[in-house]
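Read through the structure below, which is laid out as structure tokens, and then see the notes.
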Amino acid sequence: MQHQTVSFAARSVRRMGRVNGRGLWTLYMKEVRRFLNVFTQTILAPMVTTLLFLAIFTLALGGGGRQVGGVDFAVFLAPGLIMMSMVQNSFANTSSSLVIAKVQGNIVDILMPPLSASELTLGIAGGGVTRGLLVGLAVGLGMWLFVPMQIHAPLFVLYHAVMASLMLALLGMIGGIWSEKFDHIAAVTNFVITPFSFLSGTFYSIERLPPVWQTVAHFNPFFYMIDGFRYGFIGHADGSLVAGLIVMALFNLFLWTVTHRMFATGYRLKP
């Protein structure tokens with residue numbers, strides 16, 4: 001008994017600094033392992049689906065031989081499809097994580113540990129960004145076998161890949177916190193994410209649109225992430241590259257602030 005008392009007394013309490021690094025890393029790895037455990041569904045399935053989109057638009061719909069922005073249609077289309085798969089999976093990862101935790105009643109396992117609102121936001125969003133980037137890499141490698149893609153501006157590719165994945169990861173967190181059941185998050189996906197994705201120039205150049213619709217497209221933040229990402233591959237952009245960099249940064253800052261506030265106040269998280 002004396003030995004047991006001494007051993008407990010000899011143990012020192014682990015003190016955390018301003019950042020709970022171990023807790024943050026644990027939360028992040030939880031989010032990553034959650035989707036890696038079913039990688040055939042979370043990584044391989046989006047790759048196959050996106051390659052089918054490529055086949056349909058370039059073969060079945062007569063896209064072969066056409067040129068857009070001075071490049072073959074398949075080369076123009078590929079970056080948009082890669083970006084679309086990245087953002088959809090970033091959104092799905094964070095939104096599903098929170099909705100499942102709320103429905104199953106184990107959201108307390110996320111809220112109880114000594115993690116600040118910033119650490120919760122960063123850890124969960126980091127998992128979504130990681131899934132988005134891995135899906136983008138898998139889709140890109142798959143398309144490279146069929147489309148002669150070249151990288152024109154690597155930094156633009158990297159910047160827009162990370163910022164776009166972060167944007168949708170944060171949107172997924174906001175949607176997941178707001179939603180009380182799966183029907184709610186499905187509504188966000190069907191009526192917000194999918195329309196913004198399809199109307200952002202993923203499958204076409206906005207230069208083909210009437211002037212009024214070109215103006216409308218410039219108010220869609222999804223347009224800038226696809227336009228800048230595509231520029232990184234083909235060296236052609238439909239909009240201002242500088243404006244795109246600024247819009248992406250400011251929009252992510254806004255989403256981060258909203259998500260942080262939701263965690264800090266316990267909005268729809270605490271009874």
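Residues are referred to by chain and number: the chain letter is A, B, ... according to the order shown in the structure tokens, the number counts from 1 in that chain, and ligands are numbered separately from 1 in the order shown.
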
Query raised in the report: Near region 85-89 of chain A, counting only C-alpha atoms, which residues have an atom at most 9 Å away, once you skip same-chain residues fewer than 2 positions from it, shown as a ChimeraX atom specification?
Result: /A:42-43,46-47,49-50,80-83,91-94,128-129,131-137,139,161,164-169,189,193-194,197

Output N, CA and C atoms of each residue in that selection to a file, as a tab-separated table (two decimals), in the first residue's frame.
```
chain	number	residue	atom	x	y	z
A	42	THR	N	-14.41	6.07	-49.25
A	42	THR	CA	-14.10	7.50	-49.10
A	42	THR	C	-13.02	7.99	-50.07
A	43	ILE	N	-12.19	7.11	-50.60
A	43	ILE	CA	-11.11	7.52	-51.51
A	43	ILE	C	-11.31	6.93	-52.91
A	46	PRO	N	-14.94	7.92	-54.89
A	46	PRO	CA	-14.96	9.22	-55.58
A	46	PRO	C	-14.07	9.25	-56.83
A	47	MET	N	-12.95	8.53	-56.79
A	47	MET	CA	-12.08	8.49	-57.96
A	47	MET	C	-12.79	7.84	-59.14
A	49	THR	N	-16.06	7.52	-59.58
A	49	THR	CA	-17.18	8.36	-59.99
A	49	THR	C	-16.72	9.53	-60.85
A	50	THR	N	-15.62	10.16	-60.48
A	50	THR	CA	-15.11	11.30	-61.23
A	50	THR	C	-14.59	10.88	-62.59
A	80	GLY	N	-11.37	20.88	-63.11
A	80	GLY	CA	-12.66	21.16	-62.49
A	80	GLY	C	-13.25	19.94	-61.81
A	81	LEU	N	-13.10	18.78	-62.46
A	81	LEU	CA	-13.60	17.55	-61.86
A	81	LEU	C	-12.81	17.16	-60.62
A	82	ILE	N	-11.49	17.38	-60.67
A	82	ILE	CA	-10.66	17.09	-59.49
A	82	ILE	C	-11.10	17.97	-58.32
A	83	MET	N	-11.27	19.25	-58.60
A	83	MET	CA	-11.68	20.17	-57.54
A	83	MET	C	-13.05	19.82	-56.99
A	91	PHE	N	-16.41	18.37	-47.52
A	91	PHE	CA	-17.68	18.68	-46.88
A	91	PHE	C	-18.29	17.45	-46.24
A	92	ALA	N	-18.28	16.34	-46.95
A	92	ALA	CA	-18.89	15.11	-46.44
A	92	ALA	C	-18.19	14.62	-45.18
A	93	ASN	N	-16.86	14.79	-45.12
A	93	ASN	CA	-16.12	14.26	-43.98
A	93	ASN	C	-16.49	14.98	-42.68
A	94	THR	N	-16.47	16.30	-42.69
A	94	THR	CA	-16.75	17.04	-41.45
A	94	THR	C	-18.23	17.02	-41.10
A	128	GLY	N	-11.04	16.96	-42.56
A	128	GLY	CA	-11.73	17.18	-43.83
A	128	GLY	C	-10.79	17.61	-44.94
A	129	VAL	N	-9.84	18.48	-44.61
A	129	VAL	CA	-8.86	18.92	-45.60
A	129	VAL	C	-8.00	17.75	-46.06
A	131	ARG	N	-8.77	14.55	-46.13
A	131	ARG	CA	-9.54	13.68	-47.03
A	131	ARG	C	-9.69	14.33	-48.41
A	132	GLY	N	-9.97	15.63	-48.44
A	132	GLY	CA	-10.10	16.30	-49.72
A	132	GLY	C	-8.84	16.21	-50.55
A	133	LEU	N	-7.69	16.44	-49.92
A	133	LEU	CA	-6.43	16.40	-50.65
A	133	LEU	C	-6.10	14.99	-51.12
A	134	LEU	N	-6.37	13.99	-50.29
A	134	LEU	CA	-6.11	12.60	-50.70
A	134	LEU	C	-7.01	12.19	-51.86
A	135	VAL	N	-8.26	12.59	-51.81
A	135	VAL	CA	-9.17	12.30	-52.92
A	135	VAL	C	-8.71	13.01	-54.19
A	136	GLY	N	-8.30	14.28	-54.05
A	136	GLY	CA	-7.80	15.02	-55.21
A	136	GLY	C	-6.58	14.36	-55.81
A	137	LEU	N	-5.67	13.88	-54.95
A	137	LEU	CA	-4.47	13.20	-55.45
A	137	LEU	C	-4.84	11.91	-56.17
A	139	VAL	N	-7.75	11.12	-57.59
A	139	VAL	CA	-8.45	11.44	-58.83
A	139	VAL	C	-7.47	11.97	-59.88
A	161	ALA	N	-6.10	24.13	-53.77
A	161	ALA	CA	-6.49	22.81	-53.26
A	161	ALA	C	-6.69	22.87	-51.75
A	164	ALA	N	-9.63	25.52	-50.84
A	164	ALA	CA	-10.96	25.02	-51.21
A	164	ALA	C	-11.38	23.89	-50.29
A	165	SER	N	-10.45	22.98	-49.98
A	165	SER	CA	-10.77	21.89	-49.06
A	165	SER	C	-11.12	22.43	-47.68
A	166	LEU	N	-10.38	23.45	-47.23
A	166	LEU	CA	-10.68	24.07	-45.95
A	166	LEU	C	-12.04	24.75	-45.97
A	167	MET	N	-12.35	25.43	-47.06
A	167	MET	CA	-13.64	26.11	-47.17
A	167	MET	C	-14.79	25.15	-47.01
A	168	LEU	N	-14.74	24.02	-47.72
A	168	LEU	CA	-15.85	23.07	-47.64
A	168	LEU	C	-15.82	22.29	-46.34
A	169	ALA	N	-14.64	22.08	-45.77
A	169	ALA	CA	-14.59	21.43	-44.46
A	169	ALA	C	-15.28	22.30	-43.41
A	189	THR	N	-26.59	19.77	-48.67
A	189	THR	CA	-25.83	19.25	-49.80
A	189	THR	C	-26.57	19.47	-51.11
A	193	ILE	N	-24.53	23.06	-51.67
A	193	ILE	CA	-23.22	22.63	-52.16
A	193	ILE	C	-23.27	22.21	-53.62
A	194	THR	N	-24.19	21.34	-53.98
A	194	THR	CA	-24.25	20.84	-55.36
A	194	THR	C	-24.55	21.95	-56.36
A	197	SER	N	-21.52	24.14	-56.81
A	197	SER	CA	-20.45	23.43	-57.50
A	197	SER	C	-20.71	23.37	-59.00
```

Query raised in the report: Which polymer residues have any atom within 8 Å of an atom of region 177-179 of chain A, counting only C-alpha atoms, with same-chain residues fewer than 6 positions away left out, as a PyMOL selection string?
Result: chain A and resi 95+98-99+185+262+267-269

Could you save the residues just selected, with all heavy atoms, as a short mmCIF file (atom, residue, chain, number, x, y, z; two decimals), in the first residue's frame?
```cif
data_model
loop_
_atom_site.label_atom_id
_atom_site.label_comp_id
_atom_site.auth_asym_id
_atom_site.auth_seq_id
_atom_site.Cartn_x
_atom_site.Cartn_y
_atom_site.Cartn_z
N SER A 95 -19.09 17.15 -42.10
CA SER A 95 -20.53 17.17 -41.80
C SER A 95 -20.99 15.83 -41.26
O SER A 95 -21.74 15.77 -40.27
CB SER A 95 -21.33 17.54 -43.05
OG SER A 95 -21.11 16.61 -44.10
N LEU A 98 -19.86 15.15 -37.52
CA LEU A 98 -20.62 15.83 -36.48
C LEU A 98 -22.07 15.35 -36.40
O LEU A 98 -22.60 15.19 -35.31
CB LEU A 98 -20.58 17.34 -36.72
CG LEU A 98 -19.22 18.00 -36.49
CD1 LEU A 98 -19.21 19.44 -36.97
CD2 LEU A 98 -18.85 17.94 -35.00
N VAL A 99 -22.67 15.11 -37.55
CA VAL A 99 -24.07 14.66 -37.53
C VAL A 99 -24.16 13.27 -36.90
O VAL A 99 -25.05 13.00 -36.08
CB VAL A 99 -24.66 14.66 -38.96
CG1 VAL A 99 -26.04 14.00 -38.95
CG2 VAL A 99 -24.78 16.08 -39.48
N ILE A 185 -28.71 17.71 -43.22
CA ILE A 185 -27.44 17.86 -43.92
C ILE A 185 -27.58 17.47 -45.38
O ILE A 185 -26.89 18.02 -46.26
CB ILE A 185 -26.33 17.03 -43.23
CG1 ILE A 185 -24.95 17.55 -43.64
CG2 ILE A 185 -26.45 15.56 -43.55
CD1 ILE A 185 -24.66 18.97 -43.25
N MET A 262 -19.55 28.95 -33.02
CA MET A 262 -20.50 27.87 -32.75
C MET A 262 -19.97 26.94 -31.66
O MET A 262 -20.70 26.54 -30.75
CB MET A 262 -20.78 27.08 -34.04
CG MET A 262 -21.72 27.77 -35.01
SD MET A 262 -21.95 26.78 -36.50
CE MET A 262 -23.59 27.29 -36.98
N TYR A 267 -23.54 26.14 -29.67
CA TYR A 267 -24.77 26.25 -30.46
C TYR A 267 -25.18 24.88 -31.00
O TYR A 267 -24.44 24.23 -31.72
CB TYR A 267 -24.55 27.22 -31.62
CG TYR A 267 -25.70 27.30 -32.59
CD1 TYR A 267 -26.86 27.99 -32.27
CD2 TYR A 267 -25.61 26.68 -33.84
CE1 TYR A 267 -27.90 28.07 -33.16
CE2 TYR A 267 -26.66 26.76 -34.75
CZ TYR A 267 -27.80 27.45 -34.40
OH TYR A 267 -28.84 27.51 -35.28
N ARG A 268 -26.35 24.42 -30.60
CA ARG A 268 -26.93 23.13 -31.00
C ARG A 268 -26.01 21.96 -30.69
O ARG A 268 -26.13 20.89 -31.30
CB ARG A 268 -27.27 23.14 -32.49
CG ARG A 268 -28.42 24.06 -32.85
CD ARG A 268 -29.12 23.62 -34.11
NE ARG A 268 -30.30 24.42 -34.35
CZ ARG A 268 -31.20 24.16 -35.32
NH1 ARG A 268 -31.01 23.13 -36.12
NH2 ARG A 268 -32.25 24.93 -35.48
N LEU A 269 -25.11 22.15 -29.76
CA LEU A 269 -24.21 21.08 -29.34
C LEU A 269 -24.45 20.67 -27.90
O LEU A 269 -24.31 19.51 -27.54
CB LEU A 269 -22.75 21.50 -29.52
CG LEU A 269 -22.25 21.66 -30.95
CD1 LEU A 269 -20.86 22.29 -30.96
CD2 LEU A 269 -22.24 20.33 -31.69
#
```

Requested in this report: Could you give me, as a list in words, the residues within 12 Å of Leu24 (chain A), counting only C-alpha atoms and dropping anything in the same chain fewer than 4 positions from it?
Outcome: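 Counting only the stated atoms, we get Met16, Arg18, Val19, Asn20, Tyr28, Met29, Lys30, Glu31, Ile110, Pro113, Pro114, Leu115, Ser116, Ala117, Ser118, Glu119, Leu120, Thr121, Leu122, Gly123, Ile124, Ala125, Gly126 and Gly127 of chain A.
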
Selected residues written out, N, CA and C atoms, as a PDB file, in the first residue's frame:
```pdb
ATOM      1  N   MET A  16      -0.676  21.526 -19.556  1.00  0.00           N
ATOM      2  CA  MET A  16      -0.799  21.962 -20.940  1.00  0.00           C
ATOM      3  C   MET A  16      -0.481  23.445 -21.039  1.00  0.00           C
ATOM      4  N   ARG A  18      -0.542  26.864 -23.829  1.00  0.00           N
ATOM      5  CA  ARG A  18      -1.630  27.597 -24.488  1.00  0.00           C
ATOM      6  C   ARG A  18      -2.355  26.727 -25.503  1.00  0.00           C
ATOM      7  N   VAL A  19      -1.664  25.706 -26.020  1.00  0.00           N
ATOM      8  CA  VAL A  19      -2.260  24.812 -27.013  1.00  0.00           C
ATOM      9  C   VAL A  19      -2.145  23.381 -26.506  1.00  0.00           C
ATOM     10  N   ASN A  20      -3.240  22.660 -26.524  1.00  0.00           N
ATOM     11  CA  ASN A  20      -3.244  21.251 -26.159  1.00  0.00           C
ATOM     12  C   ASN A  20      -2.833  20.443 -27.385  1.00  0.00           C
ATOM     13  N   TYR A  28      -7.405  15.116 -34.531  1.00  0.00           N
ATOM     14  CA  TYR A  28      -7.134  15.089 -35.972  1.00  0.00           C
ATOM     15  C   TYR A  28      -6.975  13.655 -36.469  1.00  0.00           C
ATOM     16  N   MET A  29      -6.195  12.840 -35.753  1.00  0.00           N
ATOM     17  CA  MET A  29      -5.989  11.461 -36.178  1.00  0.00           C
ATOM     18  C   MET A  29      -7.282  10.655 -36.094  1.00  0.00           C
ATOM     19  N   LYS A  30      -8.139  10.982 -35.144  1.00  0.00           N
ATOM     20  CA  LYS A  30      -9.452  10.320 -35.081  1.00  0.00           C
ATOM     21  C   LYS A  30     -10.235  10.579 -36.357  1.00  0.00           C
ATOM     22  N   GLU A  31     -10.225  11.835 -36.808  1.00  0.00           N
ATOM     23  CA  GLU A  31     -10.954  12.181 -38.024  1.00  0.00           C
ATOM     24  C   GLU A  31     -10.338  11.514 -39.252  1.00  0.00           C
ATOM     25  N   ILE A 110     -16.433  14.569 -27.848  1.00  0.00           N
ATOM     26  CA  ILE A 110     -15.650  15.622 -28.486  1.00  0.00           C
ATOM     27  C   ILE A 110     -15.613  16.870 -27.620  1.00  0.00           C
ATOM     28  N   PRO A 113     -13.321  16.670 -23.590  1.00  0.00           N
ATOM     29  CA  PRO A 113     -11.865  16.811 -23.424  1.00  0.00           C
ATOM     30  C   PRO A 113     -11.450  18.280 -23.338  1.00  0.00           C
ATOM     31  N   PRO A 114     -10.296  18.558 -22.729  1.00  0.00           N
ATOM     32  CA  PRO A 114      -9.825  19.947 -22.584  1.00  0.00           C
ATOM     33  C   PRO A 114      -9.315  20.515 -23.910  1.00  0.00           C
ATOM     34  N   LEU A 115     -10.235  20.728 -24.821  1.00  0.00           N
ATOM     35  CA  LEU A 115      -9.915  21.295 -26.133  1.00  0.00           C
ATOM     36  C   LEU A 115     -10.674  22.601 -26.300  1.00  0.00           C
ATOM     37  N   SER A 116      -9.982  23.627 -26.728  1.00  0.00           N
ATOM     38  CA  SER A 116     -10.615  24.923 -26.948  1.00  0.00           C
ATOM     39  C   SER A 116     -11.419  24.901 -28.241  1.00  0.00           C
ATOM     40  N   ALA A 117     -12.201  25.952 -28.449  1.00  0.00           N
ATOM     41  CA  ALA A 117     -12.981  26.053 -29.685  1.00  0.00           C
ATOM     42  C   ALA A 117     -12.067  26.087 -30.903  1.00  0.00           C
ATOM     43  N   SER A 118     -10.924  26.752 -30.783  1.00  0.00           N
ATOM     44  CA  SER A 118      -9.971  26.798 -31.898  1.00  0.00           C
ATOM     45  C   SER A 118      -9.408  25.418 -32.196  1.00  0.00           C
ATOM     46  N   GLU A 119      -9.095  24.658 -31.161  1.00  0.00           N
ATOM     47  CA  GLU A 119      -8.539  23.318 -31.355  1.00  0.00           C
ATOM     48  C   GLU A 119      -9.570  22.366 -31.936  1.00  0.00           C
ATOM     49  N   LEU A 120     -10.821  22.481 -31.494  1.00  0.00           N
ATOM     50  CA  LEU A 120     -11.885  21.666 -32.076  1.00  0.00           C
ATOM     51  C   LEU A 120     -12.064  21.990 -33.556  1.00  0.00           C
ATOM     52  N   THR A 121     -12.079  23.275 -33.873  1.00  0.00           N
ATOM     53  CA  THR A 121     -12.236  23.688 -35.266  1.00  0.00           C
ATOM     54  C   THR A 121     -11.082  23.191 -36.124  1.00  0.00           C
ATOM     55  N   LEU A 122      -9.858  23.371 -35.636  1.00  0.00           N
ATOM     56  CA  LEU A 122      -8.687  22.979 -36.411  1.00  0.00           C
ATOM     57  C   LEU A 122      -8.589  21.471 -36.571  1.00  0.00           C
ATOM     58  N   GLY A 123      -8.863  20.721 -35.507  1.00  0.00           N
ATOM     59  CA  GLY A 123      -8.739  19.275 -35.577  1.00  0.00           C
ATOM     60  C   GLY A 123      -9.728  18.643 -36.540  1.00  0.00           C
ATOM     61  N   ILE A 124     -10.997  19.040 -36.444  1.00  0.00           N
ATOM     62  CA  ILE A 124     -12.026  18.453 -37.309  1.00  0.00           C
ATOM     63  C   ILE A 124     -11.859  18.941 -38.747  1.00  0.00           C
ATOM     64  N   ALA A 125     -11.588  20.234 -38.914  1.00  0.00           N
ATOM     65  CA  ALA A 125     -11.378  20.766 -40.262  1.00  0.00           C
ATOM     66  C   ALA A 125     -10.147  20.133 -40.904  1.00  0.00           C
ATOM     67  N   GLY A 126      -9.104  19.890 -40.108  1.00  0.00           N
ATOM     68  CA  GLY A 126      -7.904  19.261 -40.644  1.00  0.00           C
ATOM     69  C   GLY A 126      -8.189  17.891 -41.223  1.00  0.00           C
ATOM     70  N   GLY A 127      -9.068  17.131 -40.573  1.00  0.00           N
ATOM     71  CA  GLY A 127      -9.445  15.832 -41.113  1.00  0.00           C
ATOM     72  C   GLY A 127     -10.152  15.960 -42.450  1.00  0.00           C
TER      73      GLY A 127
END
```

Query raised in the report: Where does DSSP see alpha helix (DSSP H) in region 131-256 of chain A, if you list the residues as number ranges by chain?
Result: A: 131-144, 154-178, 182-188, 194-198, 211-217, 221-234, 241-256

Requested in this report: Could you give me, as a ChimeraX atom specification, the residues within 10 Å of Ala249 (chain A), counting only C-alpha atoms and dropping anything in the same chain fewer than 3 positions from it?
Outcome: /A:160,163-164,167,243-246,252-254

Query raised in the report: Out of region 25-155 of chain A, which residues get strand (DSSP E) from DSSP, as a PyMOL selection string?
Result: chain A and resi 67-68+71-72

Requested in this report: Go through A:Leu59, A:Ser97, A:Tyr231, A:Leu51 and flag the residue nearest Ala138 (chain A), using only C-alpha atoms for the distances.
Outcome: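 Closest to Ala138 (chain A), using only C-alpha atoms: A:Leu51.
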
**Report entry** Nearest to Phe146 (chain A) by atom-to-atom distance, counting only C-alpha atoms, from A:Thr259, A:Leu54, A:Gly201, A:Ala264
**Finding:**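 Checking each of A:Thr259, A:Leu54, A:Gly201, A:Ala264 against Phe146 (chain A), counting only C-alpha atoms, the winner is A:Leu54.
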
Query raised in the report: What gap, in Å, lies between CA of Lys181 (chain A) and CA of Lys102 (chain A)?
Result: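 Spanning CA of Lys181 (chain A) to CA of Lys102 (chain A) is a straight-line distance of 8.1 Å.
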
Report task. Would you mind reading off the distance between CA of Gly175 (chain A) and CA of Gly21 (chain A), one decimal, in Å? Result ->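 Separating CA of Gly175 (chain A) from CA of Gly21 (chain A) is a distance of 26.3 Å.
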
Query raised in the report: Between A:Val71, A:Val103, A:Ala186, A:Val242, which is the closest to Ser205 (chain A) once you count only C-alpha atoms?
Result: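 Among the listed residues, the smallest separation from Ser205 (chain A) belongs to A:Val71.
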
Query raised in the report: Pick the closest to Gly228 (chain A) from A:Val162, A:Pro210, A:Phe251, A:Gly172: which is it, counting only C-alpha atoms?
Result: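 Nearest to Gly228 (chain A): A:Val162.
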